[in-house]
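Below is one structure; the comments refer to it alone.
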Number of protein chains: 2
Amino acid sequence: EVTLTRERYRVPRLPFSRLSDSDLAFFERMMPGRVVTDPEELKPFNVDWLKSVQGCSKLMLKPQTTAEVSQILRYCYERNLAVNPQGGNTGLVGGSVPVFDEIILSTFLMNQIISFDKVSGILVCQAGCILEKLNEYLEEQGFVMPLDLGAKGSCHIGGNVATNAGGLQLLRYGSLRGTVLGLEVVLADGSALDCLTSLRKDNTGYDLKQLFIGSEGTLGVITAVSILCPQKPQAVNLAFLGCQNFSKVLETFTTCRAMLGEILSACEFMDEKCMELVERHLKLSSPVTGSPFYVLIETSGSNSTHDKEKLNNFLEQVMTSGLVTDGTVATDDKKIKTLWSLRERITEALTHDGYVYKYDISLPVGKLYDLVTDMRARLGQSAKNVVGYGHLGDGNLHLNITTESYSHSLLDAIEPFVYEWTARYKGSISAEHGLGFKKKQFIQYSKPSEAVVLMQRFKAMLDPKGILNPYKVLPASS
Amino acid sequence: EVTLTRERYRVPRLPFSRLSDSDLAFFERMMPGRVVTDPEELKPFNVDWLKSVQGCSKLMLKPQTTAEVSQILRYCYERNLAVNPQGGNTGLVGGSVPVFDEIILSTFLMNQIISFDKVSGILVCQAGCILEKLNEYLEEQGFVMPLDLGAKGSCHIGGNVATNAGGLQLLRYGSLRGTVLGLEVVLADGSALDCLTSLRKDNTGYDLKQLFIGSEGTLGVITAVSILCPQKPQAVNLAFLGCQNFSKVLETFTTCRAMLGEILSACEFMDEKCMELVERHLKLSSPVTGSPFYVLIETSGSNSTHDKEKLNNFLEQVMTSGLVTDGTVATDDKKIKTLWSLRERITEALTHDGYVYKYDISLPVGKLYDLVTDMRARLGQSAKNVVGYGHLGDGNLHLNITTESYSHSLLDAIEPFVYEWTARYKGSISAEHGLGFKKKQFIQYSKPSEAVVLMQRFKAMLDPKGILNPYKVLPASS
């Protein structure tokens with residue numbers, strides 16, 4: 001059983017209205033059959049994927065159109081009812097579920113592809129499309145989505161944009177801030193903002209859509225997305241390598257960046273603890289074993305002969321120089337998927353290990369693993385496991401700590417130490433997960449107070465009653 | 001002699017204070033020797049590069065530090081003095097020079113590189129660094145800037161970011177919205193906002209810096225930039241090709257995108273009129289002649305043998321299929337530069353042809369040249385030349401019309417026709433040049449009124465007195 005957020009964190013409920021019978025009747029009339037009030041049915045939407053936070057919403061609404069989202073928000077704004085926008089509910093910082101009784105506004109039924117243009121590669125779709133489904137659709141047309149992440153089977157593109165998801169191929173295709181070309185957003189008062197252009201370039205005024213990218217549903221509800229998709233690579237290769245220490249991991253990265261250049265599409269790392277957990281809890285087995293660190297390198301290119309030659313040159317270089325002591329290469333889809341799952345399913349393996357304290361840190365790449373080592377030494381026997389993995393090419397560490405069950409004293413041993421450590425090296429306390437509910441109090445470790453004040457002013461301007469995803473992203477303004 | 005903007009466009013001066021002797025004395029005390037008041041010395045900074053607009057500023061200030069910019073703005077805000085931030089003054093929409101007597105705040109002396117990290121490829125520098133100088137510095141370290149444009153010899157990186165410059169390699173390296181990692185900005189009231197992070201990923205709160213990218217100096221003055229730089233390519237190749245009609249140009253583009261894939265770094269086009277002007281006014285000569293259209297394709301990669309093979313396969317394909325009827329290839333720096341200058345110097349050639357009406361339009365790529373054809377037919381003999389060129393890969397047309405001298409009746413024949421045409425195909429009336437002074441009244445052709453109102457609210461919030469680059473970007477709020 002997951003502890004209620006309001007109990008574990010003792011936050012006070014803000015003075016929003018409480019749901020009345022006449023509110024329910026209004027929604028039932030407006031969208032019959034798409035109003036969920038059954039507590040059992042609501043449960044999975046009140047709890048996050050990590051089972052770490054739980055709200056007590058009594059209502060979930062499943063609009064199909066932007067007009068319905070507008071109507072819902074207009075009503076909620078008028079009535080001062082708080083709203084929790086929700087996509088695939090795969091968030092890792094407690095941003096995607098209610099804290100109290102916020103109405104869950106699900107994009108689940110907003111799953112239509114609006115258009116795809118094969119000449120430009122621009123896809124326009126509703127916010128509730130599942131990332132993996134979009135990718136399958138695009139692959140048939142010779143294109144792919146410009147992002148990929150472990151949660152692709154359930155996350156919604158609207159949620160990806162709302163949280164500025166990074167993922168496994170950011171190194172190659174860049175951030176959503178560059179690839180998202182347009183958004184349609186419904187604001188707190190129900191007014192729709194149509195910035196859903198399908199143009200590669202548009203410099204007419206301020207780029208309003210950027211404010212909503214990464215705002216985690218606190219400034220508006222994203223209802224549709226226009227996104228630039230790259231061509232599907234003709235050839236994909238994967239190398240899974242073992243390294244004897246982290247400085248060899250780093251050198252392997254700089255070597256592959258230099259030698260693989262434009263075909264490098266991912267460069268990930270994991271420590272041996274991660275591998276142990278994936279093997280123990282998920283029964284996956286790795287063809288490469290016995291190394292303290294593993295590096296996964298993916299190439300995507302337009303010519304398989306050229307790509308193999310580049311990859312072989314690189315492998316020869318890292319093997320003969322001793323940077324890499326063991327490794328395997330995959331060129332067929334099946335083996336590629338198997339190797340990727342060793343990396344992609346670490347998050348899942350961790351949930352089987354107990355309660356997980358998750359940290360998603362940006363650091364100068366040379367400092368990336370020191371935080372894991374320091375944390376391990378600091379916590380000693382009080383933690384079950386302290387593991388590090390992540391997006392090497394982006395300087396993004398996922399530091400995870402497990403215990404049998406949630407312990408407040410262990411949390412005190414970790415925080416604010418982890419944030420102070422990160423701030424010392426001018427890192428970010430949230431590289432890609434966002435702040436959500438769990439990290440909002442720590443924003444000052446990565447942002448100066450003037451920036452936080454300005455964010456609060458933007459929030460107050462766009463959502464004066466604060467009904468959109470309350471208790472998230474920003475600390476209460478002083 | 002350039003007509004004064006206030007006379008040609010008959011705009012009313014807003015009620016800002018006028019510069020007093022005590023204001024001048026304040027600045028002289030604050031930054032002796034970096035205060036320009038001599039009318040002759042001021043002249044080139046009051047007139048834009050196109051010589052199409054002219055202000056009558058009586059003062060230019062040349063701060064060296066962010067603290068000085070803060071001090072200047074705090075004073076101007078207090079005194080209600082309008083300020084025109086200015087970089088290299090290479091803007092093409094009248095955004096970079098005063099309309100009336102705004103104080104020119106030049107980034108000319110803010111030209112220090114703050115840091116460059118060879119592992120991450122992240123450059124941090126002051127806003128007044130010249131783009132070409134930065135690139136030269138980076139090349140020595142094995143990196144390049146992620147943008148390139150014709151004005152590189154004089155434009156400042158701060159101005160590039162403030163206008164969200166696109167340029168010649170956006171196709172490859174993406175927009176500044178993805179590559180700019182951090183900004184330092186001074187707001188209208190003189191307060192500094194430090195968002196100058198050097199991290200590839202940072203999802204802690206709203207991405208404030210995005211509001212300043214492309215805001216053309218109306219929301220704040222960018223004082224420093226952190227930007228992600230790609231590795232310098234090992235091999236660069238250029239193909240300059242002749243095509244018999246625009247549909248063959250389009251097919252050449254889709255073919256090169258498919259066959260050159262990840263090594264494609266630019267895909268530009270120009271019509272024969274452009275070539276005539278470059279030859280006539282600049283005495284350049286092209287090795288490829290006699291075609292109605294020319295396509296310039298650049299590859300940048302990490303392996304010259306692979307790249308040449310890909311390029312040769314592509315060339316064989318387009319030659320044998322008749323898409324391309326003539327062409328030349330360059331692999332050495334000198335010939336590459338010569339061929340690039342045919343494309344890069346079109347803007348310059350046009351200024352020698354008379355008064356230039358410039359339009360910078362985003363369109364679905366299939367429609368790109370129809371606007372040129374339609375405009376040529378519409379204007380007939382009343383225009384000297386109607387030419388089209390631009391960034392094919394980005395769907396970005398530069399439509400230029402020349403006459404012996406400025407004619408208001410010709411302008412009436414062009415506008416709003418050109419904007420209505422663009423809006424009909426859901427294009428953008430400014431792909432990369434911005435709105436500046438000349439295009440601000442036309443924003444509604446590309447943005448819905450709710451978006452414009454929201455932009456005006458952001459402007460009012462960040463610059464309540466409206467002192468920053470007034471008369472630009474947004475129409476006056478109603």
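Order determines the names: the first chain of the structure tokens is A, the second B, and so forth; residues in each chain are numbered 1 upward, and ligands are numbered 1 upward as they are shown.
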
Report as number ranges by chain all protein, DNA and RNA residues lying within 7 Å of stretch 2-5 of chain A, evaluated on only C-alpha atoms, omitting residues in the same chain fewer than 6 positions from it. A: 51-55, 99

Could you give me, as a PDB file with C-alpha atoms, in the first residue's frame, the residues within 10 Å of B:Gly91, counting only C-alpha atoms and dropping anything in the same chain fewer than 2 positions from it?
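Here's the written file selection14.pdb:
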```pdb
ATOM      1  CA  ASP B  48      20.835  49.820 -41.016  1.00  0.00           C
ATOM      2  CA  TRP B  49      23.060  47.744 -43.298  1.00  0.00           C
ATOM      3  CA  LEU B  50      20.458  47.875 -46.072  1.00  0.00           C
ATOM      4  CA  GLN B  86      22.776  46.851 -30.941  1.00  0.00           C
ATOM      5  CA  GLY B  87      25.143  44.058 -31.968  1.00  0.00           C
ATOM      6  CA  GLY B  88      26.827  44.009 -35.368  1.00  0.00           C
ATOM      7  CA  ASN B  89      23.933  45.979 -36.916  1.00  0.00           C
ATOM      8  CA  VAL B  93      14.114  44.295 -40.744  1.00  0.00           C
ATOM      9  CA  GLY B  94      15.100  47.571 -39.110  1.00  0.00           C
ATOM     10  CA  GLY B  95      15.319  46.058 -35.631  1.00  0.00           C
ATOM     11  CA  SER B  96      18.912  46.999 -34.908  1.00  0.00           C
ATOM     12  CA  VAL B  97      18.841  50.799 -35.265  1.00  0.00           C
ATOM     13  CA  ALA B 151      26.992  38.277 -42.052  1.00  0.00           C
ATOM     14  CA  CYS B 155      27.353  39.950 -36.619  1.00  0.00           C
ATOM     15  CA  GLY B 159      22.496  39.602 -31.824  1.00  0.00           C
ATOM     16  CA  ASN B 160      22.317  36.143 -33.385  1.00  0.00           C
ATOM     17  CA  THR B 163      17.094  37.417 -33.355  1.00  0.00           C
ATOM     18  CA  ALA B 165      19.316  33.630 -36.425  1.00  0.00           C
ATOM     19  CA  GLU B 216      15.006  41.136 -30.687  1.00  0.00           C
ATOM     20  CA  HIS B 433      14.919  37.716 -39.977  1.00  0.00           C
ATOM     21  CA  GLY B 434      12.470  38.555 -37.205  1.00  0.00           C
ATOM     22  CA  GLY B 436      11.967  44.308 -36.145  1.00  0.00           C
TER      23      GLY B 436
END
```

Residues within 7 Å of B:Cys195, please, as an NGL selection string. Count only C-alpha atoms; anything in the same chain fewer than 6 positions from it doesn't count. :B and (182-184 or 209)

File of the preceding selection, N, CA, C and O atoms, as a PDB file, in the first residue's frame:
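Dumped everything to again-v8.pdb:
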```pdb
ATOM      1  N   GLY B 182      22.483  28.389 -22.305  1.00  0.00           N
ATOM      2  CA  GLY B 182      22.287  29.341 -21.219  1.00  0.00           C
ATOM      3  C   GLY B 182      22.470  30.759 -21.703  1.00  0.00           C
ATOM      4  O   GLY B 182      23.132  31.005 -22.718  1.00  0.00           O
ATOM      5  N   LEU B 183      21.855  31.694 -20.990  1.00  0.00           N
ATOM      6  CA  LEU B 183      21.989  33.114 -21.313  1.00  0.00           C
ATOM      7  C   LEU B 183      22.121  33.915 -20.020  1.00  0.00           C
ATOM      8  O   LEU B 183      21.552  33.541 -18.996  1.00  0.00           O
ATOM      9  N   GLU B 184      22.849  34.999 -20.126  1.00  0.00           N
ATOM     10  CA  GLU B 184      22.793  36.009 -19.084  1.00  0.00           C
ATOM     11  C   GLU B 184      22.115  37.210 -19.727  1.00  0.00           C
ATOM     12  O   GLU B 184      22.474  37.601 -20.845  1.00  0.00           O
ATOM     13  N   LYS B 209      15.240  31.436 -20.534  1.00  0.00           N
ATOM     14  CA  LYS B 209      16.101  31.985 -21.595  1.00  0.00           C
ATOM     15  C   LYS B 209      15.404  31.976 -22.950  1.00  0.00           C
ATOM     16  O   LYS B 209      15.680  32.806 -23.808  1.00  0.00           O
TER      17      LYS B 209
END
```

B:Asp326 environment, 7 Å, only C-alpha atoms, sequence neighbours closer than 2 positions dropped, as a PyMOL selection string: chain B and resi 241-242+288+324

B:Val225 surroundings by only C-alpha atoms, 9 Å radius, close-in-sequence under 5 positions cut, as a PDB file with all heavy atoms, in the first residue's frame:
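File produced: out.pdb:
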```pdb
ATOM      1  N   LEU B 123      30.789  26.402 -25.248  1.00  0.00           N
ATOM      2  CA  LEU B 123      31.454  27.708 -25.261  1.00  0.00           C
ATOM      3  C   LEU B 123      30.621  28.699 -24.468  1.00  0.00           C
ATOM      4  O   LEU B 123      29.403  28.759 -24.625  1.00  0.00           O
ATOM      5  CB  LEU B 123      31.557  28.198 -26.710  1.00  0.00           C
ATOM      6  CG  LEU B 123      32.046  29.634 -26.928  1.00  0.00           C
ATOM      7  CD1 LEU B 123      33.560  29.732 -26.764  1.00  0.00           C
ATOM      8  CD2 LEU B 123      31.628  30.137 -28.311  1.00  0.00           C
ATOM      9  N   VAL B 124      31.285  29.481 -23.619  1.00  0.00           N
ATOM     10  CA  VAL B 124      30.606  30.579 -22.923  1.00  0.00           C
ATOM     11  C   VAL B 124      31.339  31.858 -23.280  1.00  0.00           C
ATOM     12  O   VAL B 124      32.571  31.923 -23.177  1.00  0.00           O
ATOM     13  CB  VAL B 124      30.616  30.373 -21.389  1.00  0.00           C
ATOM     14  CG1 VAL B 124      29.851  31.492 -20.692  1.00  0.00           C
ATOM     15  CG2 VAL B 124      30.022  29.017 -21.016  1.00  0.00           C
ATOM     16  N   CYS B 125      30.597  32.858 -23.761  1.00  0.00           N
ATOM     17  CA  CYS B 125      31.258  34.095 -24.182  1.00  0.00           C
ATOM     18  C   CYS B 125      30.342  35.284 -24.006  1.00  0.00           C
ATOM     19  O   CYS B 125      29.136  35.147 -23.841  1.00  0.00           O
ATOM     20  CB  CYS B 125      31.707  33.977 -25.639  1.00  0.00           C
ATOM     21  SG  CYS B 125      30.344  33.866 -26.797  1.00  0.00           S
ATOM     22  N   GLN B 126      30.939  36.465 -24.066  1.00  0.00           N
ATOM     23  CA  GLN B 126      30.148  37.689 -23.997  1.00  0.00           C
ATOM     24  C   GLN B 126      29.368  37.883 -25.295  1.00  0.00           C
ATOM     25  O   GLN B 126      29.729  37.343 -26.343  1.00  0.00           O
ATOM     26  CB  GLN B 126      31.082  38.876 -23.756  1.00  0.00           C
ATOM     27  CG  GLN B 126      31.535  39.007 -22.305  1.00  0.00           C
ATOM     28  CD  GLN B 126      32.203  40.363 -22.076  1.00  0.00           C
ATOM     29  OE1 GLN B 126      33.209  40.672 -22.715  1.00  0.00           O
ATOM     30  NE2 GLN B 126      31.644  41.171 -21.180  1.00  0.00           N
ATOM     31  N   ALA B 127      28.341  38.694 -25.193  1.00  0.00           N
ATOM     32  CA  ALA B 127      27.387  38.845 -26.301  1.00  0.00           C
ATOM     33  C   ALA B 127      27.974  39.521 -27.543  1.00  0.00           C
ATOM     34  O   ALA B 127      27.477  39.336 -28.650  1.00  0.00           O
ATOM     35  CB  ALA B 127      26.167  39.628 -25.828  1.00  0.00           C
ATOM     36  N   ILE B 157      27.334  37.400 -31.594  1.00  0.00           N
ATOM     37  CA  ILE B 157      26.594  36.222 -31.150  1.00  0.00           C
ATOM     38  C   ILE B 157      25.355  36.624 -30.337  1.00  0.00           C
ATOM     39  O   ILE B 157      24.297  35.989 -30.440  1.00  0.00           O
ATOM     40  CB  ILE B 157      27.506  35.232 -30.367  1.00  0.00           C
ATOM     41  CG1 ILE B 157      26.760  33.933 -30.052  1.00  0.00           C
ATOM     42  CG2 ILE B 157      28.059  35.847 -29.096  1.00  0.00           C
ATOM     43  CD1 ILE B 157      26.400  33.085 -31.253  1.00  0.00           C
ATOM     44  N   GLY B 158      25.474  37.710 -29.584  1.00  0.00           N
ATOM     45  CA  GLY B 158      24.313  38.184 -28.816  1.00  0.00           C
ATOM     46  C   GLY B 158      23.162  38.574 -29.733  1.00  0.00           C
ATOM     47  O   GLY B 158      22.001  38.270 -29.459  1.00  0.00           O
ATOM     48  N   VAL B 161      21.553  35.463 -31.211  1.00  0.00           N
ATOM     49  CA  VAL B 161      20.620  34.821 -30.281  1.00  0.00           C
ATOM     50  C   VAL B 161      19.362  35.681 -30.110  1.00  0.00           C
ATOM     51  O   VAL B 161      18.243  35.175 -30.112  1.00  0.00           O
ATOM     52  CB  VAL B 161      21.305  34.555 -28.919  1.00  0.00           C
ATOM     53  CG1 VAL B 161      20.308  34.022 -27.900  1.00  0.00           C
ATOM     54  CG2 VAL B 161      22.455  33.569 -29.094  1.00  0.00           C
ATOM     55  N   VAL B 180      21.574  26.771 -27.879  1.00  0.00           N
ATOM     56  CA  VAL B 180      21.895  27.720 -26.800  1.00  0.00           C
ATOM     57  C   VAL B 180      21.514  27.074 -25.476  1.00  0.00           C
ATOM     58  O   VAL B 180      20.368  26.689 -25.264  1.00  0.00           O
ATOM     59  CB  VAL B 180      21.147  29.062 -26.987  1.00  0.00           C
ATOM     60  CG1 VAL B 180      21.310  29.947 -25.752  1.00  0.00           C
ATOM     61  CG2 VAL B 180      21.674  29.789 -28.212  1.00  0.00           C
ATOM     62  N   LEU B 181      22.484  26.913 -24.590  1.00  0.00           N
ATOM     63  CA  LEU B 181      22.238  26.221 -23.321  1.00  0.00           C
ATOM     64  C   LEU B 181      21.955  27.187 -22.179  1.00  0.00           C
ATOM     65  O   LEU B 181      21.300  26.830 -21.206  1.00  0.00           O
ATOM     66  CB  LEU B 181      23.443  25.354 -22.958  1.00  0.00           C
ATOM     67  CG  LEU B 181      23.831  24.296 -23.986  1.00  0.00           C
ATOM     68  CD1 LEU B 181      25.065  23.543 -23.507  1.00  0.00           C
ATOM     69  CD2 LEU B 181      22.693  23.326 -24.241  1.00  0.00           C
ATOM     70  N   GLY B 182      22.483  28.389 -22.305  1.00  0.00           N
ATOM     71  CA  GLY B 182      22.287  29.341 -21.219  1.00  0.00           C
ATOM     72  C   GLY B 182      22.470  30.759 -21.703  1.00  0.00           C
ATOM     73  O   GLY B 182      23.132  31.005 -22.718  1.00  0.00           O
ATOM     74  N   LEU B 183      21.855  31.694 -20.990  1.00  0.00           N
ATOM     75  CA  LEU B 183      21.989  33.114 -21.313  1.00  0.00           C
ATOM     76  C   LEU B 183      22.121  33.915 -20.020  1.00  0.00           C
ATOM     77  O   LEU B 183      21.552  33.541 -18.996  1.00  0.00           O
ATOM     78  CB  LEU B 183      20.738  33.634 -22.041  1.00  0.00           C
ATOM     79  CG  LEU B 183      20.456  33.199 -23.464  1.00  0.00           C
ATOM     80  CD1 LEU B 183      19.186  33.888 -23.958  1.00  0.00           C
ATOM     81  CD2 LEU B 183      21.616  33.514 -24.386  1.00  0.00           C
ATOM     82  N   GLU B 184      22.849  34.999 -20.126  1.00  0.00           N
ATOM     83  CA  GLU B 184      22.793  36.009 -19.084  1.00  0.00           C
ATOM     84  C   GLU B 184      22.115  37.210 -19.727  1.00  0.00           C
ATOM     85  O   GLU B 184      22.474  37.601 -20.845  1.00  0.00           O
ATOM     86  CB  GLU B 184      24.203  36.362 -18.619  1.00  0.00           C
ATOM     87  CG  GLU B 184      24.239  37.368 -17.492  1.00  0.00           C
ATOM     88  CD  GLU B 184      25.674  37.827 -17.234  1.00  0.00           C
ATOM     89  OE1 GLU B 184      26.310  38.343 -18.183  1.00  0.00           O
ATOM     90  OE2 GLU B 184      26.148  37.683 -16.101  1.00  0.00           O
ATOM     91  N   LEU B 196      22.987  31.399 -17.134  1.00  0.00           N
ATOM     92  CA  LEU B 196      24.148  31.064 -17.969  1.00  0.00           C
ATOM     93  C   LEU B 196      24.697  29.687 -17.621  1.00  0.00           C
ATOM     94  O   LEU B 196      25.883  29.533 -17.344  1.00  0.00           O
ATOM     95  CB  LEU B 196      25.216  32.144 -17.796  1.00  0.00           C
ATOM     96  CG  LEU B 196      26.299  32.245 -18.870  1.00  0.00           C
ATOM     97  CD1 LEU B 196      25.674  32.521 -20.228  1.00  0.00           C
ATOM     98  CD2 LEU B 196      27.299  33.336 -18.512  1.00  0.00           C
TER      99      LEU B 196
END
```

Excluding stretch 109-118 of chain A and any residue of its chain fewer than 6 positions from it, enumerate the residues within 10 Å of it, using only C-alpha atoms, and give them as a VMD selection string. (chain A and resid 34 61 to 66 87 124 to 130 133 to 134 137 to 138 141 to 143 156 to 158 198 223 to 229 231) or (chain B and resid 254 364)

As number ranges by chain, please: the residues near A:Pro146 (cut-off 9 Å, only C-alpha atoms, same-chain neighbours under 4 positions excluded). A: 169-170, 172-176, 179, 227-230

Using the selection just defined, write its residues with N, CA, C and O atoms as an mmCIF file, in the first residue's frame.
```
data_model
loop_
_atom_site.group_PDB
_atom_site.id
_atom_site.type_symbol
_atom_site.label_atom_id
_atom_site.label_comp_id
_atom_site.auth_asym_id
_atom_site.auth_seq_id
_atom_site.Cartn_x
_atom_site.Cartn_y
_atom_site.Cartn_z
ATOM 1 N N GLN A 169 18.293 9.328 -27.150
ATOM 2 C CA GLN A 169 18.899 9.783 -28.402
ATOM 3 C C GLN A 169 19.024 11.295 -28.496
ATOM 4 O O GLN A 169 19.190 11.838 -29.586
ATOM 5 N N LEU A 170 18.945 11.948 -27.353
ATOM 6 C CA LEU A 170 19.085 13.406 -27.333
ATOM 7 C C LEU A 170 20.425 13.833 -27.933
ATOM 8 O O LEU A 170 20.531 14.834 -28.651
ATOM 9 N N ARG A 172 21.875 12.708 -30.373
ATOM 10 C CA ARG A 172 21.827 12.769 -31.822
ATOM 11 C C ARG A 172 20.812 13.786 -32.344
ATOM 12 O O ARG A 172 21.107 14.596 -33.209
ATOM 13 N N TYR A 173 19.584 13.714 -31.818
ATOM 14 C CA TYR A 173 18.511 14.512 -32.407
ATOM 15 C C TYR A 173 18.222 15.806 -31.661
ATOM 16 O O TYR A 173 17.376 16.591 -32.077
ATOM 17 N N GLY A 174 18.937 16.035 -30.571
ATOM 18 C CA GLY A 174 18.770 17.285 -29.840
ATOM 19 C C GLY A 174 17.530 17.281 -28.968
ATOM 20 O O GLY A 174 16.788 16.305 -28.917
ATOM 21 N N SER A 175 17.332 18.383 -28.273
ATOM 22 C CA SER A 175 16.244 18.442 -27.304
ATOM 23 C C SER A 175 14.933 18.795 -27.990
ATOM 24 O O SER A 175 14.901 19.283 -29.117
ATOM 25 N N LEU A 176 13.835 18.553 -27.270
ATOM 26 C CA LEU A 176 12.506 18.873 -27.794
ATOM 27 C C LEU A 176 12.364 20.371 -28.050
ATOM 28 O O LEU A 176 11.521 20.788 -28.835
ATOM 29 N N THR A 179 13.190 20.375 -31.663
ATOM 30 C CA THR A 179 12.419 19.539 -32.595
ATOM 31 C C THR A 179 10.913 19.802 -32.535
ATOM 32 O O THR A 179 10.218 19.546 -33.508
ATOM 33 N N ILE A 227 5.854 18.229 -34.587
ATOM 34 C CA ILE A 227 7.231 17.840 -34.264
ATOM 35 C C ILE A 227 7.974 17.399 -35.528
ATOM 36 O O ILE A 227 7.404 16.762 -36.413
ATOM 37 N N LEU A 228 9.233 17.779 -35.607
ATOM 38 C CA LEU A 228 10.073 17.455 -36.759
ATOM 39 C C LEU A 228 10.714 16.085 -36.564
ATOM 40 O O LEU A 228 11.427 15.863 -35.582
ATOM 41 N N CYS A 229 10.489 15.190 -37.515
ATOM 42 C CA CYS A 229 10.973 13.815 -37.358
ATOM 43 C C CYS A 229 12.096 13.516 -38.343
ATOM 44 O O CYS A 229 11.984 13.828 -39.520
ATOM 45 N N PRO A 230 13.163 12.908 -37.856
ATOM 46 C CA PRO A 230 14.268 12.564 -38.757
ATOM 47 C C PRO A 230 13.922 11.319 -39.586
ATOM 48 O O PRO A 230 13.033 10.552 -39.236
#
```

So, counting only C-alpha atoms, which residue among B:Ser215, B:Ser382, B:Asn80, B:Ser405 is closest to B:Glu1? B:Ser405

Strand (DSSP E or B) per DSSP on the backbone: members of stretch 206-427 of chain A, as a PyMOL selection string: chain A and resi 221-228+231+235-243+264-271+293-301+326-330+355-362+385-391+396-403

Check the smallest atom-to-atom distance from each of B:Asp207, B:Asp21, B:Glu316, B:Glu40 to A:Ala162 using only C-alpha atoms, then report the winner.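 For A:Ala162, the nearest of the given residues is B:Asp207.
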